[in-house]
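For reference, the structure discussed in these notes is given below.
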Amino acid sequence: MIPVTASPVRLEASVDARLSRWMWLVKWLLAIPHYIVLFFLWIAFCVVTVVAFFAILFTARYPRPLFDFGVGVLRWNWRVGYYAHTALGTDRYPPFTLADVPDYPARFDVAYPERLSRGLVLVKWWLLAIPQYIVVGFFVSGGWGWGSDDEGGGWGGGLISFLSLVAVVVLLFTARYPRHLFDFLLGLVRWCARVVAYAALMTDQYPPFRLDLGGREPQGQAPWTKEPGRGAP
């Protein structure tokens, strides 16, 4: 068996033991306060990425406070997406925090790189990532929301959005979330998250062209850390 190379990006989720059959119909509405906050967080995220670009170019380091903030925004985005429009595998309302919440069913982290390539920072986010953008564009129809219309919620027409809708329709009529569909969805979202982290200059490790299925990361990944952005959970 070919060993799986551990990714610095770690995204995991679990399905609630008991999911409401109908609550998914209104989750997008309940999540509106989060969409408002995320709108401003994504603006700040873009500014932080530009600042990090020049910091990496001149120092080969991503400033740690900026890195932790960026990971926190992506973490918040994943929790809201998982609740409201991507997979919809939990009825638990997302917390308003950038920090990791260990008992929340959707988690995200990126291992902090001690040094990053000054040369790669010039090309990886646009030239090297083009093949990944093509694949991810098919998954999410061109959005950064990992299966959503970014902060706006709803279904954006991509593969992830379509499969999420299929999953909750099955839930509506059977009271069961289709497990195999969940595993496939998480594989797609995990792929997108790795590309986002790479394009946001958080890692020099090129995202693999593979689907790591299931709610858990492949074996061999580093354990979660207690502080935001400090290692993969």
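Starting from 1 in every chain, residues are counted up; chains themselves are A, B, ... following the order of the structure tokens, and ligands are numbered from 1 as listed.
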
Using only C-alpha atoms, what does the table of stretch 10-126 of chain A residues within 8 Å of stretch 207-222 of chain A look like, with each row giving the shortest atom pair and its distance in Å to one decimal, sorted by chain and ascending number, as JSON lines?
```
{"residue": "A:Arg10", "atom": "CA", "partner": "A:Glu217", "partner_atom": "CA", "distance": 6.7}
{"residue": "A:Leu11", "atom": "CA", "partner": "A:Glu217", "partner_atom": "CA", "distance": 6.9}
{"residue": "A:Glu12", "atom": "CA", "partner": "A:Gly215", "partner_atom": "CA", "distance": 5.1}
{"residue": "A:Ala13", "atom": "CA", "partner": "A:Gly215", "partner_atom": "CA", "distance": 4.8}
{"residue": "A:Ser14", "atom": "CA", "partner": "A:Gly215", "partner_atom": "CA", "distance": 5.8}
```

Margin query: Using DSSP assignments from the backbone, pull out every residue in stretch 98-211 of chain A that falls under alpha helix (DSSP H) and give it to me as a PyMOL selection string.
Written below: chain A and resi 130-140+159-174+179-199

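Atom CA of A:Ala199 is positioned 7.0 Å from atom CA of A:Ala129.
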
Notebook entry, point to check: Of the candidates A:Ala84, A:Val73, A:Val189, A:Leu163, which one gets nearest to A:Phe39 if we count only C-alpha atoms?
Noted result: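 Looking only at the distances to A:Phe39, the closest residue turns out to be A:Val73.
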